[in-house]
$ cat final-v8.pdb   # PDB, C-alpha atoms
MODEL        1
ATOM      1  CA  VAL A   1     -15.396  -9.528 -27.525
ATOM      2  CA  THR A   2     -17.428  -7.137 -25.389
ATOM      3  CA  ASN A   3     -16.768  -3.416 -25.358
ATOM      4  CA  ASP A   4     -17.301  -3.239 -21.613
ATOM      5  CA  ARG A   5     -13.642  -3.468 -20.718
ATOM      6  CA  LEU A   6     -11.893  -2.573 -17.464
ATOM      7  CA  LEU A   7      -8.125  -2.202 -17.306
ATOM      8  CA  ILE A   8      -6.601  -2.633 -13.854
ATOM      9  CA  LEU A   9      -2.981  -1.747 -13.234
ATOM     10  CA  GLY A  10      -1.998  -3.937 -10.294
ATOM     11  CA  GLY A  11      -4.797  -6.384 -10.987
ATOM     12  CA  SER A  12      -3.436  -9.236  -8.877
ATOM     13  CA  SER A  13      -3.409  -7.122  -5.709
ATOM     14  CA  ASP A  14      -5.854  -7.968  -2.944
ATOM     15  CA  ILE A  15      -7.928  -4.888  -3.722
ATOM     16  CA  GLY A  16      -7.782  -5.731  -7.425
ATOM     17  CA  ALA A  17      -9.107  -9.233  -6.828
ATOM     18  CA  ALA A  18     -11.851  -7.907  -4.539
ATOM     19  CA  LEU A  19     -12.852  -5.373  -7.188
ATOM     20  CA  ILE A  20     -12.930  -8.012  -9.917
ATOM     21  CA  ASP A  21     -15.061 -10.221  -7.690
ATOM     22  CA  ARG A  22     -17.621  -7.443  -7.279
ATOM     23  CA  LEU A  23     -17.704  -6.238 -10.859
ATOM     24  CA  LEU A  24     -17.883  -9.611 -12.592
ATOM     25  CA  ALA A  25     -20.880 -10.522 -10.470
ATOM     26  CA  GLN A  26     -22.750  -7.367 -11.414
ATOM     27  CA  ARG A  27     -21.709  -6.649 -14.997
ATOM     28  CA  PRO A  28     -22.238  -9.784 -17.095
ATOM     29  CA  GLU A  29     -20.741  -8.193 -20.191
ATOM     30  CA  LEU A  30     -17.625  -6.964 -18.440
ATOM     31  CA  GLY A  31     -14.201  -8.189 -19.425
ATOM     32  CA  VAL A  32     -11.161  -7.296 -17.353
ATOM     33  CA  VAL A  33      -7.567  -6.856 -18.403
ATOM     34  CA  ALA A  34      -5.451  -7.233 -15.285
ATOM     35  CA  GLN A  35      -1.861  -6.022 -15.475
ATOM     36  CA  CYS A  36       0.359  -7.635 -12.887
ATOM     37  CA  LEU A  37       4.006  -8.247 -12.130
ATOM     38  CA  ASP A  38       3.341 -11.500 -10.298
ATOM     39  CA  GLY A  39       0.493 -13.335  -8.614
ATOM     40  CA  GLU A  40      -1.260 -14.354 -11.843
ATOM     41  CA  GLU A  41      -2.411 -17.513 -10.047
ATOM     42  CA  ARG A  42      -4.624 -15.380  -7.807
ATOM     43  CA  LEU A  43      -6.602 -14.386 -10.898
ATOM     44  CA  ALA A  44      -6.998 -17.881 -12.351
ATOM     45  CA  ARG A  45     -10.305 -18.429 -10.553
ATOM     46  CA  PHE A  46     -11.948 -15.722 -12.668
ATOM     47  CA  GLY A  47     -11.520 -17.743 -15.861
ATOM     48  CA  THR A  48     -11.652 -16.228 -19.308
ATOM     49  CA  ARG A  49     -13.383 -13.001 -18.293
ATOM     50  CA  VAL A  50     -10.086 -11.778 -16.844
ATOM     51  CA  ALA A  51      -7.145 -11.518 -19.214
ATOM     52  CA  VAL A  52      -3.843 -11.357 -17.370
ATOM     53  CA  GLU A  53      -1.081  -9.220 -18.834
ATOM     54  CA  ARG A  54       2.268  -9.583 -17.139
ATOM     55  CA  CYS A  55       4.298  -6.376 -17.215
ATOM     56  CA  ASP A  56       6.903  -4.698 -15.046
ATOM     57  CA  LEU A  57       5.563  -1.144 -14.848
ATOM     58  CA  SER A  58       8.940   0.139 -13.679
ATOM     59  CA  ALA A  59      10.430  -0.654 -17.115
ATOM     60  CA  ASP A  60       9.520   1.767 -19.912
ATOM     61  CA  ALA A  61      10.050  -0.802 -22.648
ATOM     62  CA  GLU A  62       7.720  -3.268 -20.924
ATOM     63  CA  VAL A  63       5.056  -0.592 -20.512
ATOM     64  CA  ASP A  64       5.301   0.258 -24.207
ATOM     65  CA  ALA A  65       5.028  -3.423 -25.133
ATOM     66  CA  PHE A  66       2.061  -3.834 -22.798
ATOM     67  CA  ILE A  67       0.260  -0.893 -24.395
ATOM     68  CA  GLU A  68       0.926  -2.362 -27.833
ATOM     69  CA  ARG A  69      -0.411  -5.761 -26.784
ATOM     70  CA  TYR A  70      -3.468  -4.123 -25.269
ATOM     71  CA  ARG A  71      -4.185  -2.118 -28.412
ATOM     72  CA  ALA A  72      -3.871  -5.201 -30.581
ATOM     73  CA  ALA A  73      -6.044  -7.472 -28.466
ATOM     74  CA  TYR A  74      -8.668  -5.449 -26.610
ATOM     75  CA  PRO A  75     -11.143  -2.609 -27.090
ATOM     76  CA  ILE A  76     -10.439   0.829 -25.632
ATOM     77  CA  PRO A  77     -11.059   0.523 -21.886
ATOM     78  CA  ARG A  78     -14.328   1.765 -20.471
ATOM     79  CA  ALA A  79     -12.462   2.315 -17.225
ATOM     80  CA  ILE A  80      -8.925   2.249 -15.869
ATOM     81  CA  VAL A  81      -8.100   1.603 -12.217
ATOM     82  CA  GLN A  82      -4.591   2.263 -10.930
ATOM     83  CA  LEU A  83      -3.636   0.019  -8.006
ATOM     84  CA  ALA A  84      -0.029  -0.849  -8.764
ATOM     85  CA  GLY A  85       2.716   0.178  -6.372
ATOM     86  CA  LEU A  86       5.733  -1.050  -4.451
ATOM     87  CA  LYS A  87       5.108  -2.504  -1.011
ATOM     88  CA  LEU A  88       4.861  -0.005   1.817
ATOM     89  CA  ARG A  89       7.941   0.505   3.950
ATOM     90  CA  LEU A  90       8.408   2.474   7.141
ATOM     91  CA  GLU A  91      11.759   4.251   6.939
ATOM     92  CA  ARG A  92      13.256   7.274   8.604
ATOM     93  CA  PHE A  93      14.144  10.082   6.236
ATOM     94  CA  SER A  94      17.807   9.229   6.931
ATOM     95  CA  LYS A  95      17.143   5.974   5.023
ATOM     96  CA  TRP A  96      15.639   7.783   2.037
ATOM     97  CA  SER A  97      16.401   5.758  -1.075
ATOM     98  CA  GLN A  98      16.191   7.680  -4.303
ATOM     99  CA  GLU A  99      16.358   4.391  -6.170
ATOM    100  CA  HIS A 100      13.268   3.140  -4.328
ATOM    101  CA  VAL A 101      11.370   6.391  -4.861
ATOM    102  CA  GLU A 102      12.251   6.445  -8.553
ATOM    103  CA  ARG A 103      11.112   2.863  -9.015
ATOM    104  CA  ASP A 104       7.847   3.539  -7.207
ATOM    105  CA  MET A 105       7.350   6.726  -9.232
ATOM    106  CA  ARG A 106       7.848   4.714 -12.417
ATOM    107  CA  VAL A 107       5.253   2.193 -11.283
ATOM    108  CA  GLN A 108       2.657   4.474  -9.702
ATOM    109  CA  VAL A 109       2.982   7.681 -11.700
ATOM    110  CA  TYR A 110       4.967   7.395 -14.929
ATOM    111  CA  ALA A 111       3.486   4.084 -16.089
ATOM    112  CA  ALA A 112      -0.013   5.280 -15.229
ATOM    113  CA  ALA A 113       0.636   8.488 -17.162
ATOM    114  CA  ARG A 114       1.875   6.565 -20.208
ATOM    115  CA  VAL A 115      -1.155   4.286 -20.184
ATOM    116  CA  LEU A 116      -3.533   7.206 -19.687
ATOM    117  CA  LYS A 117      -1.844   9.272 -22.380
ATOM    118  CA  GLU A 118      -2.516   6.408 -24.738
ATOM    119  CA  PHE A 119      -6.160   5.781 -23.877
ATOM    120  CA  LEU A 120      -7.605   8.987 -22.409
ATOM    121  CA  PRO A 121      -8.171  10.732 -25.757
ATOM    122  CA  SER A 122     -10.430   7.875 -26.894
ATOM    123  CA  MET A 123     -12.066   7.498 -23.475
ATOM    124  CA  ALA A 124     -12.824  11.224 -23.414
ATOM    125  CA  LYS A 125     -14.714  10.965 -26.705
ATOM    126  CA  ALA A 126     -16.494   7.684 -25.980
ATOM    127  CA  SER A 127     -20.224   7.464 -26.576
ATOM    128  CA  GLN A 128     -20.793   6.356 -22.986
ATOM    129  CA  PRO A 129     -19.319   7.651 -19.715
ATOM    130  CA  THR A 130     -15.835   6.349 -18.937
ATOM    131  CA  GLN A 131     -13.856   6.438 -15.715
ATOM    132  CA  VAL A 132     -10.377   6.510 -14.257
ATOM    133  CA  VAL A 133      -9.848   5.725 -10.587
ATOM    134  CA  PHE A 134      -6.615   6.144  -8.674
ATOM    135  CA  VAL A 135      -6.126   4.493  -5.320
ATOM    136  CA  LEU A 136      -4.239   7.017  -3.222
ATOM    137  CA  SER A 137      -3.778   7.005   0.540
ATOM    138  CA  SER A 138      -4.918   8.571   3.777
ATOM    139  CA  ALA A 139      -1.243   9.529   4.162
ATOM    140  CA  LEU A 140      -2.180  12.559   2.044
ATOM    141  CA  ASP A 141      -4.843  13.669   4.497
ATOM    142  CA  GLY A 142      -3.691  16.326   6.967
ATOM    143  CA  ALA A 143      -0.462  15.831   8.905
ATOM    144  CA  ALA A 144       1.741  13.322   7.111
ATOM    145  CA  PRO A 145       2.448  10.082   8.947
ATOM    146  CA  LYS A 146       5.955   9.546  10.266
ATOM    147  CA  TYR A 147       8.487   7.388   8.442
ATOM    148  CA  MET A 148       6.610   7.405   5.162
ATOM    149  CA  SER A 149       8.370  10.203   3.293
ATOM    150  CA  MET A 150       9.107   8.061   0.227
ATOM    151  CA  TYR A 151       5.564   6.759   0.011
ATOM    152  CA  SER A 152       4.027  10.188   0.677
ATOM    153  CA  VAL A 153       6.064  11.802  -2.097
ATOM    154  CA  VAL A 154       4.926   9.216  -4.633
ATOM    155  CA  LYS A 155       1.298   9.385  -3.544
ATOM    156  CA  SER A 156       1.388  13.195  -3.637
ATOM    157  CA  ALA A 157       2.623  13.025  -7.219
ATOM    158  CA  GLN A 158      -0.188  10.651  -8.050
ATOM    159  CA  LEU A 159      -2.710  13.003  -6.443
ATOM    160  CA  GLY A 160      -1.342  15.849  -8.558
ATOM    161  CA  LEU A 161      -1.660  13.757 -11.692
ATOM    162  CA  MET A 162      -5.221  12.754 -10.832
ATOM    163  CA  ARG A 163      -6.327  16.324 -10.146
ATOM    164  CA  SER A 164      -4.633  17.711 -13.238
ATOM    165  CA  LEU A 165      -6.176  15.102 -15.500
ATOM    166  CA  ALA A 166      -9.582  15.596 -13.882
ATOM    167  CA  SER A 167      -9.435  19.338 -14.600
ATOM    168  CA  GLU A 168      -8.291  18.847 -18.170
ATOM    169  CA  HIS A 169     -11.062  16.347 -18.809
ATOM    170  CA  ALA A 170     -13.798  18.033 -16.792
ATOM    171  CA  ASN A 171     -15.954  18.640 -19.857
ATOM    172  CA  THR A 172     -15.482  15.239 -21.424
ATOM    173  CA  LYS A 173     -16.977  11.779 -20.978
ATOM    174  CA  VAL A 174     -14.234  10.620 -18.662
ATOM    175  CA  ALA A 175     -14.610  10.989 -14.907
ATOM    176  CA  ILE A 176     -11.269  10.911 -13.090
ATOM    177  CA  ASN A 177     -11.395  10.427  -9.332
ATOM    178  CA  ALA A 178      -9.602   8.761  -6.447
ATOM    179  CA  VAL A 179     -10.175   6.815  -3.298
ATOM    180  CA  SER A 180      -7.813   7.375  -0.364
ATOM    181  CA  PRO A 181      -8.036   4.508   2.087
ATOM    182  CA  ARG A 182      -6.419   4.246   5.462
ATOM    183  CA  MET A 183      -4.413   1.103   6.059
ATOM    184  CA  VAL A 184      -5.891  -1.948   4.354
ATOM    185  CA  ALA A 185      -5.153  -5.527   5.404
ATOM    186  CA  THR A 186      -3.337  -6.709   2.297
ATOM    187  CA  ARG A 187      -0.024  -8.182   1.182
ATOM    188  CA  PHE A 188       1.003  -4.596   0.480
ATOM    189  CA  LEU A 189       1.812  -4.389   4.223
ATOM    190  CA  SER A 190       3.993  -7.484   4.330
ATOM    191  CA  GLU A 191       7.197  -5.483   4.858
ATOM    192  CA  LEU A 192       5.842  -3.582   7.880
ATOM    193  CA  PRO A 193       6.593  -4.638  11.456
ATOM    194  CA  GLU A 194       3.631  -6.545  12.888
ATOM    195  CA  LYS A 195       3.396  -4.144  15.801
ATOM    196  CA  ALA A 196       3.026  -1.180  13.452
ATOM    197  CA  ILE A 197       0.064  -2.864  11.808
ATOM    198  CA  GLU A 198      -1.422  -3.696  15.202
ATOM    199  CA  MET A 199      -1.010  -0.063  16.290
ATOM    200  CA  ALA A 200      -2.577   1.239  13.096
ATOM    201  CA  ALA A 201      -5.580  -1.022  13.651
ATOM    202  CA  ALA A 202      -5.857   0.043  17.301
ATOM    203  CA  ASN A 203      -5.991   3.699  16.218
ATOM    204  CA  THR A 204      -9.163   3.202  14.192
ATOM    205  CA  SER A 205     -12.709   3.501  15.507
ATOM    206  CA  SER A 206     -13.425  -0.132  14.580
ATOM    207  CA  GLY A 207     -10.152  -1.443  16.006
ATOM    208  CA  LYS A 208      -9.266  -3.138  12.741
ATOM    209  CA  LEU A 209      -7.800  -2.361   9.357
ATOM    210  CA  LEU A 210      -9.952  -1.980   6.285
ATOM    211  CA  ALA A 211     -10.599  -5.111   4.264
ATOM    212  CA  PRO A 212      -9.820  -5.060   0.518
ATOM    213  CA  ASP A 213     -13.533  -5.202  -0.230
ATOM    214  CA  ASP A 214     -14.110  -2.000   1.793
ATOM    215  CA  VAL A 215     -12.005  -0.190  -0.788
ATOM    216  CA  ALA A 216     -13.312  -2.192  -3.745
ATOM    217  CA  ARG A 217     -16.869  -1.099  -3.035
ATOM    218  CA  VAL A 218     -15.856   2.588  -3.192
ATOM    219  CA  ILE A 219     -14.035   2.001  -6.470
ATOM    220  CA  GLU A 220     -17.144   0.226  -7.703
ATOM    221  CA  PHE A 221     -19.152   3.336  -6.826
ATOM    222  CA  LEU A 222     -16.708   5.579  -8.712
ATOM    223  CA  LEU A 223     -17.101   3.300 -11.743
ATOM    224  CA  SER A 224     -20.895   3.421 -11.538
ATOM    225  CA  PRO A 225     -23.429   5.756 -13.209
ATOM    226  CA  GLU A 226     -24.172   7.225  -9.752
ATOM    227  CA  ALA A 227     -20.723   8.843  -9.728
ATOM    228  CA  GLU A 228     -21.051  10.220 -13.243
ATOM    229  CA  HIS A 229     -20.761  13.873 -12.200
ATOM    230  CA  LEU A 230     -17.856  13.487  -9.791
ATOM    231  CA  ARG A 231     -14.678  15.040 -11.129
ATOM    232  CA  GLY A 232     -11.340  15.160  -9.315
ATOM    233  CA  ALA A 233     -12.842  13.866  -6.082
ATOM    234  CA  GLU A 234     -10.713  12.141  -3.493
ATOM    235  CA  ILE A 235     -12.898   9.946  -1.305
ATOM    236  CA  ALA A 236     -11.454   9.091   2.098
ATOM    237  CA  VAL A 237     -12.253   5.618   3.409
TER     238      VAL A 237
ATOM    239  CA  MET B   1      17.089 -11.335  34.144
ATOM    240  CA  ASP B   2      20.745 -10.836  33.195
ATOM    241  CA  ASP B   3      20.256 -13.570  30.662
ATOM    242  CA  ILE B   4      17.364 -11.668  29.093
ATOM    243  CA  LEU B   5      19.391  -8.462  29.060
ATOM    244  CA  GLU B   6      22.181 -10.281  27.229
ATOM    245  CA  ARG B   7      19.737 -11.655  24.657
ATOM    246  CA  LEU B   8      18.360  -8.147  24.135
ATOM    247  CA  GLN B   9      21.760  -6.658  23.242
ATOM    248  CA  PRO B  10      21.938  -8.013  19.655
ATOM    249  CA  ILE B  11      18.327  -7.024  19.061
ATOM    250  CA  PHE B  12      19.012  -3.415  20.038
ATOM    251  CA  ARG B  13      22.304  -3.349  18.115
ATOM    252  CA  ASP B  14      20.558  -4.619  15.012
ATOM    253  CA  VAL B  15      17.507  -2.339  15.208
ATOM    254  CA  LEU B  16      19.471   0.755  16.234
ATOM    255  CA  ASP B  17      22.070  -0.085  13.589
ATOM    256  CA  ASN B  18      24.831   0.465  16.150
ATOM    257  CA  PRO B  19      27.141  -2.487  16.876
ATOM    258  CA  HIS B  20      28.613  -0.723  19.898
ATOM    259  CA  VAL B  21      25.485   0.200  21.811
ATOM    260  CA  VAL B  22      25.214  -1.377  25.264
ATOM    261  CA  ILE B  23      21.749  -1.529  26.752
ATOM    262  CA  THR B  24      21.224  -1.466  30.531
ATOM    263  CA  ARG B  25      18.113  -1.681  32.656
ATOM    264  CA  SER B  26      17.924   2.111  32.719
ATOM    265  CA  SER B  27      18.157   2.507  28.921
ATOM    266  CA  SER B  28      15.188   4.160  27.262
ATOM    267  CA  GLY B  29      14.276   6.253  24.261
ATOM    268  CA  LEU B  30      15.269   9.333  26.254
ATOM    269  CA  ASN B  31      18.891   8.331  26.758
ATOM    270  CA  THR B  32      19.643   6.051  23.774
ATOM    271  CA  ASP B  33      20.586   7.451  20.371
ATOM    272  CA  GLY B  34      18.336   6.305  17.573
ATOM    273  CA  TRP B  35      15.622   4.832  19.794
ATOM    274  CA  ASP B  36      12.678   6.663  18.291
ATOM    275  CA  SER B  37       9.123   5.455  17.817
ATOM    276  CA  LEU B  38       9.987   3.463  14.683
ATOM    277  CA  ALA B  39      12.902   1.795  16.443
ATOM    278  CA  HIS B  40      10.579   1.065  19.358
ATOM    279  CA  ILE B  41       8.122  -0.730  17.077
ATOM    280  CA  ASN B  42      10.939  -2.737  15.498
ATOM    281  CA  ILE B  43      12.458  -3.592  18.888
ATOM    282  CA  VAL B  44       9.149  -4.816  20.249
ATOM    283  CA  THR B  45       8.440  -6.861  17.114
ATOM    284  CA  ALA B  46      11.921  -8.413  17.266
ATOM    285  CA  ILE B  47      11.559  -9.246  20.969
ATOM    286  CA  GLU B  48       8.179 -10.872  20.348
ATOM    287  CA  HIS B  49       9.770 -13.097  17.720
ATOM    288  CA  GLU B  50      12.931 -13.885  19.691
ATOM    289  CA  PHE B  51      11.126 -14.768  22.921
ATOM    290  CA  SER B  52       7.850 -16.067  21.458
ATOM    291  CA  ILE B  53       5.775 -13.692  23.556
ATOM    292  CA  ARG B  54       3.215 -11.010  22.725
ATOM    293  CA  PHE B  55       2.900  -7.546  24.229
ATOM    294  CA  ALA B  56      -0.466  -5.829  24.409
ATOM    295  CA  LEU B  57      -0.337  -2.236  23.187
ATOM    296  CA  GLY B  58      -1.557  -1.043  26.599
ATOM    297  CA  GLU B  59       1.354  -2.810  28.307
ATOM    298  CA  LEU B  60       3.872  -1.146  26.030
ATOM    299  CA  ASN B  61       2.552   2.330  26.753
ATOM    300  CA  GLU B  62       3.365   1.921  30.434
ATOM    301  CA  LEU B  63       7.005   0.899  30.038
ATOM    302  CA  LYS B  64       9.533   3.569  31.036
ATOM    303  CA  ASP B  65      12.792   1.751  30.368
ATOM    304  CA  VAL B  66      14.423  -1.560  29.477
ATOM    305  CA  GLY B  67      14.254  -2.690  33.107
ATOM    306  CA  GLU B  68      10.481  -2.469  33.140
ATOM    307  CA  MET B  69      10.372  -4.232  29.800
ATOM    308  CA  ILE B  70      12.490  -7.071  31.180
ATOM    309  CA  ASP B  71      10.261  -7.339  34.256
ATOM    310  CA  LEU B  72       7.229  -7.618  32.000
ATOM    311  CA  MET B  73       8.995 -10.217  29.876
ATOM    312  CA  VAL B  74       9.841 -12.278  32.942
ATOM    313  CA  ARG B  75       6.189 -12.281  33.965
ATOM    314  CA  LYS B  76       5.149 -13.377  30.463
ATOM    315  CA  LEU B  77       7.805 -16.066  30.193
ATOM    316  CA  LYS B  78       6.713 -17.591  33.523
ATOM    317  CA  LYS B  79       3.149 -18.097  32.243
TER     318      LYS B  79
ENDMDL
END
$ encode --input "final-v8.pdb" --output "structure tokens"
Amino acid sequence: VTNDRLLILGGSSDIGAALIDRLLAQRPELGVVAQCLDGEERLARFGTRVAVERCDLSADAEVDAFIERYRAAYPIPRAIVQLAGLKLRLERFSKWSQEHVERDMRVQVYAAARVLKEFLPSMAKASQPTQVVFVLSSALDGAAPKYMSMYSVVKSAQLGLMRSLASEHANTKVAINAVSPRMVATRFLSELPEKAIEMAAANTSSGKLLAPDDVARVIEFLLSPEAEHLRGAEIAV
Amino acid sequence: MDDILERLQPIFRDVLDNPHVVITRSSSGLNTDGWDSLAHINIVTAIEHEFSIRFALGELNELKDVGEMIDLMVRKLKK
């Protein structure tokens, strides 16, 4: 078992798969633990270098069991990437659903915090540099987009967590940063009206949405030695 | 055209979440409760599905009311 271990929360996402594709090709010793709720079949092509751990991050007991399984089976992660989240919805504030926000908070913020609380102390004292990368959103950049109050609240909480942890760990081995992409063409958008996606693409300079690999390559940079001195950065893509 | 207007009624009632709304050719976001930009996106998407047509974004920007939308739909359905 290699010590070069990456833990991805939301590993079966399109960005997760694109990231795994990139990293496995370049780091021959790397092993990946991919947490997912579903979509394990999308990870089958990676073979034994990717261990799939099924876990509902919205359930505390499942998160605890996942952490226990991880501790028993794998080395302390060299890096943790947080990609998990509920699918994006466009809703007026009048349709605000506290239940939805709470579930997304459990997935994107509380579960990430529990996992990080478990592993950060060891990652901070590791002999080599370690990294944590959050995938946030361009929704946090400037004026908030309409009809995304639930999503923006959750992502803002995640940004606060990232920045706080980065400050607390500024003088340690662990670099904690984030990438904030604009809309990416993934299954994460499957609950949006097609026209909204078309409009979002039309409002970009390229006329199209980002591809998962466009985000994966920035995450790859944040996991690389070149980004060693970045702390609490939020890179817009 | 009346036939199209009739087929649009359930789409608007569903998207605007108002079973009593009655759309006319002069209906628009300015005079119809709940027809905001999100509703507009959902209405257009629903119409595209219902009528198997596609609107270009540029075409949508020029529409002032339901009447103009119906006229555009008629032109698309004839093609």
$ closest_residue --input "final-v8.pdb" --among "B:His40, B:Arg25, B:Arg54, B:His49" --to "B:Met69" --atoms "all atoms listed in the file"
B:Arg25
$ closest_residue --input "final-v8.pdb" --among "B:Asp2, B:Asp36, B:Asp14, B:Asp65" --to "chain A" --atoms "only C-alpha atoms"
B:Asp36
$ closest_residue --input "final-v8.pdb" --among "B:Val44, B:Ala56, B:Ile70, B:Leu38" --to "B:Glu6" --atoms "all atoms listed in the file"
B:Ile70
$ atom_distance --input "final-v8.pdb" --atom1 "atom CA of A:Ile219" --atom2 "atom CA of A:Arg42"
19.8 Å
$ resolve_selection --input "final-v8.pdb" --expression "the ChimeraX specification (/A :<7) & /B" --output "JSON, numbers by chain"
{"B": [41, 42, 45]}
$ write_last_selection --input "final-v8.pdb" --atoms "C-alpha atoms" --output "JSON list (two decimals), in the frame of the given file"
[["chain", "number", "residue", "atom", "x", "y", "z"],
["B", 41, "ILE", "CA", 8.12, -0.73, 17.08],
["B", 42, "ASN", "CA", 10.94, -2.74, 15.50],
["B", 45, "THR", "CA", 8.44, -6.86, 17.11]]
$ axis_aligned_box --input "final-v8.pdb" --around "stretch 4-9 of chain B" --padding-each-side "4 Å" --output "JSON"
{"center_x": 19.8, "center_y": -9.2, "center_z": 26.2, "size_x": 12.8, "size_y": 13.0, "size_z": 13.9}
$ atom_distance --input "final-v8.pdb" --atom1 "atom CA of A:Met150" --atom2 "atom CA of A:Leu189"
15.0 Å
$ closest_residue --input "final-v8.pdb" --among "B:Gly29, B:Glu48, B:Lys78, B:Val66" --to "B:Gln9" --atoms "all atoms listed in the file"
B:Val66
$ decode --input "final-v8.pdb" --residues "stretch 32-72 of chain A" --atoms "C-alpha atoms" --output "PDB file, in the first residue's frame"
ATOM      1  CA  VAL A  32      -7.308   7.202  -4.596  1.00  0.00           C
ATOM      2  CA  VAL A  33     -10.126   6.670  -2.149  1.00  0.00           C
ATOM      3  CA  ALA A  34     -13.285   7.935  -3.809  1.00  0.00           C
ATOM      4  CA  GLN A  35     -16.296   8.523  -1.577  1.00  0.00           C
ATOM      5  CA  CYS A  36     -19.552   8.466  -3.479  1.00  0.00           C
ATOM      6  CA  LEU A  37     -23.266   8.081  -2.917  1.00  0.00           C
ATOM      7  CA  ASP A  38     -23.871   6.492  -6.305  1.00  0.00           C
ATOM      8  CA  GLY A  39     -22.198   6.169  -9.684  1.00  0.00           C
ATOM      9  CA  GLU A  40     -19.556   3.662  -8.556  1.00  0.00           C
ATOM     10  CA  GLU A  41     -19.689   2.170 -12.062  1.00  0.00           C
ATOM     11  CA  ARG A  42     -18.160   5.370 -13.434  1.00  0.00           C
ATOM     12  CA  LEU A  43     -15.036   4.616 -11.402  1.00  0.00           C
ATOM     13  CA  ALA A  44     -14.698   0.957 -12.393  1.00  0.00           C
ATOM     14  CA  ARG A  45     -12.440   1.796 -15.336  1.00  0.00           C
ATOM     15  CA  PHE A  46      -9.709   2.971 -12.957  1.00  0.00           C
ATOM     16  CA  GLY A  47      -9.234  -0.522 -11.533  1.00  0.00           C
ATOM     17  CA  THR A  48      -7.579  -1.204  -8.218  1.00  0.00           C
ATOM     18  CA  ARG A  49      -5.854   2.167  -7.898  1.00  0.00           C
ATOM     19  CA  VAL A  50      -9.208   3.711  -6.985  1.00  0.00           C
ATOM     20  CA  ALA A  51     -10.965   2.344  -3.923  1.00  0.00           C
ATOM     21  CA  VAL A  52     -14.644   3.235  -3.877  1.00  0.00           C
ATOM     22  CA  GLU A  53     -16.271   3.939  -0.532  1.00  0.00           C
ATOM     23  CA  ARG A  54     -20.022   4.311  -0.643  1.00  0.00           C
ATOM     24  CA  CYS A  55     -21.326   6.736   1.970  1.00  0.00           C
ATOM     25  CA  ASP A  56     -24.244   9.117   2.324  1.00  0.00           C
ATOM     26  CA  LEU A  57     -22.517  12.265   3.580  1.00  0.00           C
ATOM     27  CA  SER A  58     -25.830  13.693   4.764  1.00  0.00           C
ATOM     28  CA  ALA A  59     -26.035  10.983   7.461  1.00  0.00           C
ATOM     29  CA  ASP A  60     -23.765  11.478  10.480  1.00  0.00           C
ATOM     30  CA  ALA A  61     -23.643   7.781  11.309  1.00  0.00           C
ATOM     31  CA  GLU A  62     -22.560   6.918   7.764  1.00  0.00           C
ATOM     32  CA  VAL A  63     -19.847   9.576   7.856  1.00  0.00           C
ATOM     33  CA  ASP A  64     -18.552   8.176  11.142  1.00  0.00           C
ATOM     34  CA  ALA A  65     -18.554   4.651   9.710  1.00  0.00           C
ATOM     35  CA  PHE A  66     -16.784   5.875   6.580  1.00  0.00           C
ATOM     36  CA  ILE A  67     -14.065   7.547   8.642  1.00  0.00           C
ATOM     37  CA  GLU A  68     -13.626   4.349  10.643  1.00  0.00           C
ATOM     38  CA  ARG A  69     -13.348   2.256   7.484  1.00  0.00           C
ATOM     39  CA  TYR A  70     -10.858   4.712   6.040  1.00  0.00           C
ATOM     40  CA  ARG A  71      -8.702   4.654   9.165  1.00  0.00           C
ATOM     41  CA  ALA A  72      -8.678   0.873   9.209  1.00  0.00           C
TER      42      ALA A  72
END
